[in-house]
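Trainee: What follows is target.txt, made up of compact mmCIF, C-alpha atoms:
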# COMPACT_ATOMS: atom_id res chain seq x y z
CA MET I 738 -21.95 -86.72 150.01
CA THR I 739 -22.22 -85.74 146.34
CA ASP I 740 -25.49 -85.55 144.44
CA GLN I 741 -24.65 -88.67 142.44
CA GLU I 742 -23.96 -90.69 145.59
CA ILE I 743 -27.24 -89.54 147.14
CA LEU I 744 -29.11 -90.39 143.95
CA ALA I 745 -27.52 -93.85 143.78
CA LYS I 746 -28.46 -94.59 147.39
CA ILE I 747 -32.06 -93.51 146.84
CA ALA I 748 -32.36 -95.47 143.57
CA GLU I 749 -31.06 -98.60 145.28
CA LYS I 750 -33.71 -98.40 148.03
CA PHE I 751 -36.65 -96.88 146.11
CA PRO I 752 -36.51 -97.47 142.33
CA ALA I 753 -39.73 -95.46 141.91
CA VAL I 754 -38.02 -92.25 143.10
CA VAL I 755 -36.42 -90.68 140.03
CA GLU I 756 -34.38 -87.58 139.37
CA SER I 757 -36.31 -84.64 137.93
CA LYS I 758 -34.32 -82.33 135.69
CA PRO I 759 -35.46 -78.83 134.71
CA ALA I 760 -36.71 -78.49 131.13
CA ALA I 761 -34.21 -77.42 128.47
CA GLY I 762 -33.73 -73.67 128.31
CA THR I 763 -34.84 -73.07 131.90
CA LEU I 764 -32.69 -72.20 134.89
CA PRO I 765 -30.53 -74.96 136.37
CA ALA I 766 -31.91 -76.73 139.41
CA TYR I 767 -31.25 -75.24 142.82
CA SER I 768 -30.05 -78.61 144.05
CA LEU I 769 -30.54 -82.29 143.42
CA THR I 770 -34.27 -82.75 142.76
CA VAL I 771 -36.15 -86.04 142.83
CA GLU I 772 -39.77 -86.95 142.26
CA ALA I 773 -41.51 -89.53 144.40
CA PRO I 774 -44.91 -91.24 144.02
CA ALA I 775 -47.52 -89.83 146.42
CA ALA I 776 -48.50 -93.15 148.03
CA SER I 777 -45.01 -94.01 149.29
CA ILE I 778 -43.92 -90.53 150.45
CA ALA I 779 -44.14 -91.34 154.17
CA GLU I 780 -41.85 -94.39 153.84
CA VAL I 781 -39.43 -92.50 151.59
CA CYS I 782 -39.22 -89.62 154.07
CA ALA I 783 -38.84 -91.90 157.08
CA TRP I 784 -35.95 -93.63 155.32
CA LEU I 785 -34.36 -90.34 154.20
CA LYS I 786 -34.31 -89.22 157.80
CA SER I 787 -33.24 -92.37 159.63
CA GLY I 788 -31.38 -94.17 156.81
CA GLY I 789 -27.79 -93.52 155.82
CA LEU I 790 -28.55 -90.10 154.29
CA LYS I 791 -29.64 -88.50 157.58
CA PHE I 792 -31.90 -85.75 156.26
CA ASP I 793 -32.66 -84.51 159.76
CA TYR I 794 -34.00 -81.06 158.86
CA LEU I 795 -37.13 -80.20 156.88
CA ALA I 796 -36.53 -76.60 155.77
CA SER I 797 -39.86 -76.16 154.07
CA LEU I 798 -42.87 -78.02 152.80
CA SER I 799 -44.90 -76.09 150.27
CA GLY I 800 -47.76 -76.57 147.87
CA VAL I 801 -47.64 -75.53 144.21
CA ASP I 802 -50.48 -75.18 141.73
CA LEU I 803 -49.24 -76.09 138.24
CA LYS I 804 -52.75 -75.81 136.72
CA ASP I 805 -52.79 -79.38 135.33
CA LYS I 806 -51.65 -80.83 138.66
CA LEU I 807 -50.79 -79.92 142.22
CA GLN I 808 -47.36 -80.44 143.68
CA VAL I 809 -45.90 -80.72 147.16
CA VAL I 810 -42.23 -79.73 147.46
CA TYR I 811 -40.04 -80.77 150.38
CA HIS I 812 -36.70 -79.00 150.96
CA LEU I 813 -34.50 -81.29 153.00
CA TYR I 814 -31.14 -80.67 154.62
CA SER I 815 -28.77 -82.83 156.56
CA LEU I 816 -27.19 -80.72 159.27
CA GLU I 817 -24.91 -83.61 160.12
CA MET I 818 -23.70 -84.56 156.63
CA LYS I 819 -24.10 -81.08 155.06
CA HIS I 820 -26.07 -82.03 151.98
CA LYS I 821 -29.46 -81.10 150.60
CA LEU I 822 -32.25 -82.52 148.51
CA VAL I 823 -35.47 -81.29 146.94
CA LEU I 824 -38.27 -83.82 146.90
CA LYS I 825 -41.32 -83.29 144.72
CA VAL I 826 -44.63 -85.13 144.71
CA ASN I 827 -47.18 -84.69 141.94
CA LEU I 828 -50.84 -84.89 142.86
CA ASP I 829 -54.06 -85.30 140.95
CA ARG I 830 -55.91 -81.97 140.98
CA ALA I 831 -59.26 -83.71 141.57
CA VAL I 832 -58.09 -85.79 144.55
CA PRO I 833 -55.09 -84.03 146.14
CA GLU I 834 -54.22 -86.49 148.84
CA LEU I 835 -50.97 -87.93 150.20
CA PRO I 836 -49.66 -89.35 153.49
CA SER I 837 -48.49 -86.90 156.17
CA VAL I 838 -44.82 -86.73 157.16
CA SER I 839 -45.51 -84.92 160.44
CA SER I 840 -44.50 -88.03 162.35
CA VAL I 841 -41.09 -87.93 160.64
CA TRP I 842 -40.34 -84.20 161.09
CA GLN I 843 -42.32 -82.23 163.68
CA ALA I 844 -41.89 -79.12 161.49
CA ALA I 845 -44.16 -80.70 158.88
CA ASN I 846 -47.17 -80.37 161.16
CA TRP I 847 -47.82 -76.65 160.59
CA HIS I 848 -46.39 -76.69 157.05
CA GLU I 849 -48.91 -79.34 156.03
CA ARG I 850 -51.71 -77.37 157.67
CA GLU I 851 -50.68 -74.36 155.62
CA ALA I 852 -50.59 -76.39 152.41
CA TYR I 853 -54.06 -77.69 153.31
CA ASP I 854 -55.30 -74.18 154.06
CA MET I 855 -53.96 -72.66 150.84
CA PHE I 856 -54.35 -75.51 148.33
CA GLY I 857 -56.75 -78.00 149.91
CA ILE I 858 -54.15 -80.77 149.86
CA LYS I 859 -55.23 -83.51 152.27
CA PHE I 860 -52.45 -85.07 154.33
CA THR I 861 -53.75 -88.40 155.56
CA GLY I 862 -52.61 -89.38 159.05
CA HIS I 863 -52.02 -85.76 160.10
CA PRO I 864 -52.84 -85.35 163.83
CA TYR I 865 -54.84 -82.09 163.41
CA LEU I 866 -55.47 -81.07 159.82
CA GLU I 867 -57.33 -77.76 160.31
CA ARG I 868 -56.93 -74.36 158.66
CA ILE I 869 -54.01 -72.43 160.15
CA LEU I 870 -53.87 -68.95 158.57
CA THR I 871 -57.20 -67.90 157.06
CA ALA I 872 -60.00 -66.43 159.15
CA GLU I 873 -62.63 -68.53 160.84
CA GLY I 874 -65.27 -69.80 158.43
CA PHE I 875 -63.17 -69.11 155.32
CA GLU I 876 -64.36 -70.97 152.25
CA GLY I 877 -62.20 -72.20 149.39
CA TYR I 878 -58.46 -72.51 148.93
CA PRO I 879 -57.01 -69.06 148.13
CA LEU I 880 -53.74 -70.00 146.41
CA LEU I 881 -55.37 -72.23 143.81
CA LYS I 882 -55.22 -70.59 140.38
CA ASP I 883 -58.99 -70.88 139.91
CA PHE I 884 -59.87 -69.36 143.29
CA ILE I 885 -62.21 -66.37 143.21
CA ALA I 886 -62.54 -64.41 146.45
CA LYS I 887 -66.09 -63.96 147.72
CA PRO I 888 -66.69 -60.39 148.98
CA ASP I 889 -67.75 -60.18 152.63
CA GLN I 890 -68.54 -57.38 155.09
CA TYR I 891 -64.90 -56.23 155.05
CA ASP I 892 -64.72 -55.72 151.26
CA MET T 521 -52.33 -20.48 191.31
CA GLY T 522 -49.22 -21.36 189.39
CA LEU T 523 -51.06 -22.92 186.45
CA VAL T 524 -50.49 -21.16 183.12
CA LEU T 525 -53.24 -21.77 180.58
CA ASP T 526 -51.97 -20.44 177.28
CA LYS T 527 -54.64 -18.92 175.07
CA ALA T 528 -57.33 -19.91 177.54
CA PRO T 529 -60.48 -17.84 177.39
CA TYR T 530 -60.17 -17.11 181.06
CA ILE T 531 -60.80 -14.31 183.48
CA LEU T 532 -58.27 -13.90 186.23
CA GLU T 533 -59.89 -12.76 189.44
CA SER T 534 -58.21 -11.76 192.62
CA PHE T 535 -59.68 -13.08 195.83
CA PRO T 536 -58.43 -12.86 199.35
CA GLY T 537 -55.96 -15.71 199.67
CA GLY T 538 -55.03 -16.03 195.99
CA SER T 539 -56.06 -15.83 192.31
CA TYR T 540 -58.62 -17.97 190.51
CA VAL T 541 -59.11 -18.79 186.87
CA VAL T 542 -62.62 -18.65 185.53
CA THR T 543 -63.06 -20.43 182.19
CA SER T 544 -65.63 -22.53 180.34
CA MET T 545 -66.05 -26.21 181.26
CA ASP T 546 -65.84 -27.19 177.59
CA TRP T 547 -62.50 -25.52 177.18
CA VAL T 548 -60.89 -26.96 180.29
CA ILE T 549 -62.21 -30.50 179.75
CA ASN T 550 -61.09 -30.54 176.11
CA TRP T 551 -57.76 -29.07 177.09
CA SER T 552 -57.14 -31.80 179.65
CA ARG T 553 -58.25 -34.53 177.22
CA LYS T 554 -56.06 -33.34 174.38
CA SER T 555 -53.06 -32.93 176.64
CA SER T 556 -52.97 -36.51 177.87
CA LEU T 557 -53.82 -38.73 174.91
CA TRP T 558 -52.69 -42.14 176.00
CA PRO T 559 -52.47 -44.54 173.06
CA LEU T 560 -52.64 -48.29 173.29
CA SER T 561 -49.29 -50.05 172.88
CA PHE T 562 -50.46 -51.91 169.84
CA GLY T 563 -49.08 -52.49 166.39
CA LEU T 564 -50.12 -54.53 163.38
CA ALA T 565 -47.37 -54.41 160.78
CA CYS T 566 -44.43 -52.37 159.50
CA CYS T 567 -46.13 -49.03 160.34
CA ALA T 568 -45.84 -50.09 163.96
CA ILE T 569 -42.06 -49.88 163.62
CA GLU T 570 -42.41 -46.29 162.40
CA TRP T 571 -44.78 -45.63 165.28
CA MET T 572 -42.15 -46.92 167.70
CA ALA T 573 -39.80 -44.26 166.32
CA ASP T 574 -42.29 -41.72 167.68
CA VAL T 575 -42.15 -43.31 171.10
CA GLY T 576 -38.37 -43.03 171.06
CA SER T 577 -36.34 -40.05 172.14
CA ARG T 578 -35.71 -38.42 168.74
CA ASN T 579 -39.36 -37.71 167.90
CA ASP T 580 -40.68 -38.26 171.41
CA PHE T 581 -44.44 -37.79 171.34
CA ASP T 582 -44.42 -37.79 175.12
CA ARG T 583 -43.92 -34.02 174.83
CA PHE T 584 -47.54 -33.83 173.60
CA GLY T 585 -48.65 -35.97 176.54
CA VAL T 586 -48.85 -39.06 174.32
CA PHE T 587 -47.68 -41.93 176.42
CA PRO T 588 -48.30 -45.58 175.42
CA ARG T 589 -50.34 -47.67 177.80
CA PRO T 590 -50.20 -51.46 177.93
CA THR T 591 -53.93 -52.02 178.42
CA PRO T 592 -56.98 -50.77 176.52
CA ARG T 593 -58.66 -49.93 179.84
CA GLN T 594 -56.23 -47.04 180.33
CA ALA T 595 -56.02 -45.93 176.70
CA ASP T 596 -57.85 -43.02 175.00
CA LEU T 597 -56.36 -43.51 171.57
CA ILE T 598 -55.62 -46.43 169.29
CA PHE T 599 -53.31 -46.24 166.29
CA ILE T 600 -54.21 -48.79 163.63
CA SER T 601 -50.65 -49.13 162.44
CA GLY T 602 -50.55 -51.49 159.51
CA THR T 603 -52.38 -54.10 157.46
CA LEU T 604 -55.61 -55.15 159.08
CA THR T 605 -56.50 -58.69 158.10
CA LYS T 606 -60.02 -60.06 158.24
CA LYS T 607 -58.91 -62.49 160.92
CA MET T 608 -57.63 -59.61 163.06
CA ALA T 609 -60.62 -57.30 162.45
CA SER T 610 -62.84 -58.74 165.18
CA ARG T 611 -59.92 -58.64 167.65
CA VAL T 612 -59.22 -54.97 166.90
CA ARG T 613 -62.91 -54.23 167.35
CA ARG T 614 -62.81 -55.93 170.74
CA LEU T 615 -59.75 -53.90 171.83
CA TYR T 616 -61.56 -50.74 170.78
CA GLU T 617 -64.65 -51.70 172.75
CA GLN T 618 -62.54 -52.31 175.85
CA MET T 619 -61.24 -48.73 175.78
CA ALA T 620 -62.95 -46.18 178.02
CA GLU T 621 -64.79 -43.28 176.38
CA PRO T 622 -63.97 -40.80 174.99
CA ARG T 623 -61.80 -42.81 172.64
CA TYR T 624 -60.12 -41.85 169.41
CA VAL T 625 -58.80 -43.79 166.42
CA ILE T 626 -55.93 -42.80 164.14
CA SER T 627 -55.59 -44.81 160.95
CA MET T 628 -51.93 -44.96 160.04
CA GLY T 629 -50.71 -45.70 156.53
CA SER T 630 -52.17 -46.90 153.24
CA CYS T 631 -53.10 -50.41 154.42
CA SER T 632 -55.12 -49.15 157.29
CA ASN T 633 -56.71 -46.33 155.26
CA THR T 634 -57.84 -48.36 152.25
CA GLY T 635 -56.21 -51.78 152.21
CA GLY T 636 -53.28 -50.28 150.30
CA PRO T 637 -51.24 -52.66 148.13
CA PHE T 638 -53.35 -55.56 149.42
CA TYR T 639 -56.60 -54.12 148.07
CA ASP T 640 -57.20 -57.16 145.84
CA SER T 641 -56.32 -59.65 148.53
CA TYR T 642 -58.76 -62.23 149.84
CA SER T 643 -57.65 -61.66 153.44
CA VAL T 644 -57.25 -57.91 154.00
CA VAL T 645 -59.87 -55.46 155.26
CA LYS T 646 -60.29 -52.60 152.77
CA GLY T 647 -59.81 -49.84 155.30
CA VAL T 648 -60.13 -49.89 159.07
CA ASP T 649 -63.19 -47.62 158.77
CA LYS T 650 -65.15 -50.77 157.92
CA VAL T 651 -64.58 -51.79 161.54
CA LEU T 652 -63.95 -48.63 163.62
CA PRO T 653 -64.91 -44.94 163.43
CA VAL T 654 -61.67 -43.17 162.41
CA ASP T 655 -60.81 -39.64 163.59
CA VAL T 656 -57.62 -38.95 161.66
CA TYR T 657 -56.11 -40.67 158.62
CA ILE T 658 -52.37 -40.48 157.93
CA ALA T 659 -51.21 -41.00 154.35
CA GLY T 660 -47.97 -42.80 153.59
CA CYS T 661 -46.48 -46.22 153.21
CA PRO T 662 -45.29 -46.02 155.91
CA PRO T 663 -45.90 -42.43 157.11
CA ARG T 664 -42.84 -40.67 158.44
CA PRO T 665 -42.69 -40.14 162.21
CA GLU T 666 -43.29 -36.42 161.63
CA ALA T 667 -46.57 -37.30 159.92
CA VAL T 668 -47.58 -39.26 163.01
CA LEU T 669 -46.80 -36.23 165.16
CA LEU T 670 -48.93 -34.12 162.82
CA SER T 671 -51.81 -36.55 163.21
CA ILE T 672 -51.66 -36.03 166.97
CA LEU T 673 -51.78 -32.25 166.54
CA LYS T 674 -54.73 -32.64 164.15
CA LEU T 675 -56.52 -34.86 166.66
CA GLN T 676 -55.88 -32.27 169.37
CA GLU T 677 -57.45 -29.61 167.14
CA LYS T 678 -60.44 -31.87 166.65
CA ILE T 679 -60.80 -32.52 170.38
CA MET T 680 -60.84 -28.76 171.06
CA THR T 681 -63.99 -28.44 168.93
CA GLU T 682 -65.93 -30.91 171.09
CA THR T 683 -68.49 -29.94 173.65
CA ILE T 684 -69.90 -31.72 176.70
CA SER T 685 -73.39 -30.38 176.04
CA HIS T 686 -74.28 -33.19 173.61
CA LYS T 687 -72.60 -36.29 172.21
CA LYS T 688 -71.02 -35.82 168.83
Write out the structure in this file as structure tokens.
Mentor:
Amino acid sequence: MTDQEILAKIAEKFPAVVESKPAAGTLPAYSLTVEAPAASIAEVCAWLKSGGLKFDYLASLSGVDLKDKLQVVYHLYSLEMKHKLVLKVNLDRAVPELPSVSSVWQAANWHEREAYDMFGIKFTGHPYLERILTAEGFEGYPLLKDFIAKPDQYD
Amino acid sequence: MGLVLDKAPYILESFPGGSYVVTSMDWVINWSRKSSLWPLSFGLACCAIEWMADVGSRNDFDRFGVFPRPTPRQADLIFISGTLTKKMASRVRRLYEQMAEPRYVISMGSCSNTGGPFYDSYSVVKGVDKVLPVDVYIAGCPPRPEAVLLSILKLQEKIMTETISHKK
């Protein structure tokens, strides 16, 4: 399916999900990129997987700190229909919270825990939202731009 | 006796029924320790791959009696081969404590020596000597297998200076 067909299908079902184009003078987008509102991300993802587009594979879910806001980026593939999509969700830096998609793709479980560990993004409805990579008792979210590491006995 | 002890400070005596070697306890204990350094089969990061090259036939540190063991209970030596994270530090300490004495530590590569390129990281220990007493440091990122062989020879030299009369 071409990018335009995918975009038309999404726009028909979710008018709030809009295409996001890179700013003028920057590199072209890696693939079709859309932005979705945080509150409806779980429904959008459930439909992307089980609707006609069949995005059955979540390649990655990552957090991004853009200083004025936080972002969660989903890289989706359809192994069956051989197309791809990048889904972005902007979050308020003060209250970084959005629904979990771990019930849609099992892969999201650990990816969301990593995004929580590194950026403090809260995924509501996640079955076990605990730190996954940092050491026990770690304080703060190390990939935030304003993070300052506290020296401990190993420094 | 068919045993040949090169450079041993020994006295060969002839007795009825055969020859005997008379030497110092220090020398013979150190000699046996240095000749069968069994390291723990343990690796942390990319240096561990270089370390595996020493296990293999081309460099073959078995010719120095260095023979990886799968459990810390049988190991005399631990190579800290790679980046030691803060999360791993307590685990490495526990492995070290499970080893029988006398036990030796070789710090392999920049990460293990000082934290290396991850010195400014929030998650990396700035040198394994914050956690364990290190006997020999190997420079390099990663060190070549020959450098690892040299570290074993250096450790053997160090072991030969030990004495059983008091703890070091």
Trainee: Emit as lines of an AutoDock Vina configuration file the padded axis-aligned box for all listed atoms of segment 825-839 of chain I, 3 Å per side, with centre and edge lengths in Å to one decimal.
Mentor:
center_x = -50.3
center_y = -85.7
center_z = 150.7
size_x = 23.9
size_y = 13.4
size_z = 25.5
Trainee: Taking all atoms listed in the file into account, which residues of chain I are within 8 Å of chain T, as a list in words?
Mentor: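 Every residue meeting the condition is included here: Thr871, Ala872, Glu873, Pro879, Ala886, Lys887, Gln890, Tyr891 and Asp892 of chain I.
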Trainee: Take the residues from that selection and put them in a file with C-alpha atoms, as a PDB file, in the coordinates of the input.
Mentor:
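Result written to selection.pdb:
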ATOM      1  CA  THR I 871     -57.200 -67.900 157.060  1.00  0.00           C
ATOM      2  CA  ALA I 872     -60.000 -66.430 159.150  1.00  0.00           C
ATOM      3  CA  GLU I 873     -62.630 -68.530 160.840  1.00  0.00           C
ATOM      4  CA  PRO I 879     -57.010 -69.060 148.130  1.00  0.00           C
ATOM      5  CA  ALA I 886     -62.540 -64.410 146.450  1.00  0.00           C
ATOM      6  CA  LYS I 887     -66.090 -63.960 147.720  1.00  0.00           C
ATOM      7  CA  GLN I 890     -68.540 -57.380 155.090  1.00  0.00           C
ATOM      8  CA  TYR I 891     -64.900 -56.230 155.050  1.00  0.00           C
ATOM      9  CA  ASP I 892     -64.720 -55.720 151.260  1.00  0.00           C
TER      10      ASP I 892
END
Trainee: Using only C-alpha atoms, which residues sit within 6 Å of Tyr814 of chain I once same-chain residues fewer than 5 positions away are excluded, as a VMD selection string?
Mentor: chain I and resid 792 794 820 to 821
Trainee: May I have the residues within 10 Å of Gln676 of chain T as number ranges by chain, using all atoms listed in the file and disregarding those fewer than 6 positions away in the same chain?
Mentor: T: 550-551, 553-557, 584, 670
Trainee: Between atom CA of Gly585 of chain T and atom CA of Ser610 of chain T, what is the distance in Å, rounded to a tenth?
Mentor: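 The value is 29.1 Å.
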Trainee: Taking 6 positions as the minimum chain separation for residues in the same chain, which residues sit within 12 Å of Ser777 of chain I when counting all atoms listed in the file? Answer as number ranges by chain.
Mentor: I: 751-754, 783-784, 826, 834-838
Trainee: In Å, with one decimal, what is the gap from atom CA of Glu570 of chain T to atom CA of Ser601 of chain T?
Mentor: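 Distance between the two atoms: 8.7 Å.
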Trainee: Pick the closest to Asp854 of chain I from I:Ser757, I:Ser839, I:Gln808, I:Ser799: which is it, counting all atoms listed in the file?
Mentor: I:Ser799
Trainee: If you count all atoms listed in the file, which residues fall within 6 Å of Leu824 of chain I, apart from same-chain ones fewer than 3 positions away, as a PDB file with C-alpha atoms, in the frame of the given file?
Mentor:
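What landed in around_17.pdb:
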ATOM      1  CA  THR I 770     -34.270 -82.750 142.760  1.00  0.00           C
ATOM      2  CA  VAL I 771     -36.150 -86.040 142.830  1.00  0.00           C
ATOM      3  CA  GLU I 772     -39.770 -86.950 142.260  1.00  0.00           C
ATOM      4  CA  VAL I 810     -42.230 -79.730 147.460  1.00  0.00           C
ATOM      5  CA  TYR I 811     -40.040 -80.770 150.380  1.00  0.00           C
TER       6      TYR I 811
END
Trainee: How many Å lie between atom CA of Cys567 of chain T and atom CA of Ile679 of chain T, rounded to one decimal?
Mentor: 24.3 Å
Trainee: Can you pull out every residue within 12 Å of Val801 of chain I, counting all atoms listed in the file, but drop anything in the same chain fewer than 2 positions away, and send it as a ChimeraX atom specification?
Mentor: /I:798-799,803-811,825-828,830,833,851-853,855-858,880-882
Trainee: Restricting it to C-alpha atoms, dump the selection as a PDB file, keeping the file's coordinate frame.
Mentor:
ATOM      1  CA  LEU I 798     -42.870 -78.020 152.800  1.00  0.00           C
ATOM      2  CA  SER I 799     -44.900 -76.090 150.270  1.00  0.00           C
ATOM      3  CA  LEU I 803     -49.240 -76.090 138.240  1.00  0.00           C
ATOM      4  CA  LYS I 804     -52.750 -75.810 136.720  1.00  0.00           C
ATOM      5  CA  ASP I 805     -52.790 -79.380 135.330  1.00  0.00           C
ATOM      6  CA  LYS I 806     -51.650 -80.830 138.660  1.00  0.00           C
ATOM      7  CA  LEU I 807     -50.790 -79.920 142.220  1.00  0.00           C
ATOM      8  CA  GLN I 808     -47.360 -80.440 143.680  1.00  0.00           C
ATOM      9  CA  VAL I 809     -45.900 -80.720 147.160  1.00  0.00           C
ATOM     10  CA  VAL I 810     -42.230 -79.730 147.460  1.00  0.00           C
ATOM     11  CA  TYR I 811     -40.040 -80.770 150.380  1.00  0.00           C
ATOM     12  CA  LYS I 825     -41.320 -83.290 144.720  1.00  0.00           C
ATOM     13  CA  VAL I 826     -44.630 -85.130 144.710  1.00  0.00           C
ATOM     14  CA  ASN I 827     -47.180 -84.690 141.940  1.00  0.00           C
ATOM     15  CA  LEU I 828     -50.840 -84.890 142.860  1.00  0.00           C
ATOM     16  CA  ARG I 830     -55.910 -81.970 140.980  1.00  0.00           C
ATOM     17  CA  PRO I 833     -55.090 -84.030 146.140  1.00  0.00           C
ATOM     18  CA  GLU I 851     -50.680 -74.360 155.620  1.00  0.00           C
ATOM     19  CA  ALA I 852     -50.590 -76.390 152.410  1.00  0.00           C
ATOM     20  CA  TYR I 853     -54.060 -77.690 153.310  1.00  0.00           C
ATOM     21  CA  MET I 855     -53.960 -72.660 150.840  1.00  0.00           C
ATOM     22  CA  PHE I 856     -54.350 -75.510 148.330  1.00  0.00           C
ATOM     23  CA  GLY I 857     -56.750 -78.000 149.910  1.00  0.00           C
ATOM     24  CA  ILE I 858     -54.150 -80.770 149.860  1.00  0.00           C
ATOM     25  CA  LEU I 880     -53.740 -70.000 146.410  1.00  0.00           C
ATOM     26  CA  LEU I 881     -55.370 -72.230 143.810  1.00  0.00           C
ATOM     27  CA  LYS I 882     -55.220 -70.590 140.380  1.00  0.00           C
TER      28      LYS I 882
END
Trainee: So, counting all atoms listed in the file, which residue among T:Gly563, T:Gly576, T:Pro662, T:Pro588 is closest to Asn633 of chain T?
Mentor: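 For Asn633 of chain T, the nearest of the given residues is T:Pro662.
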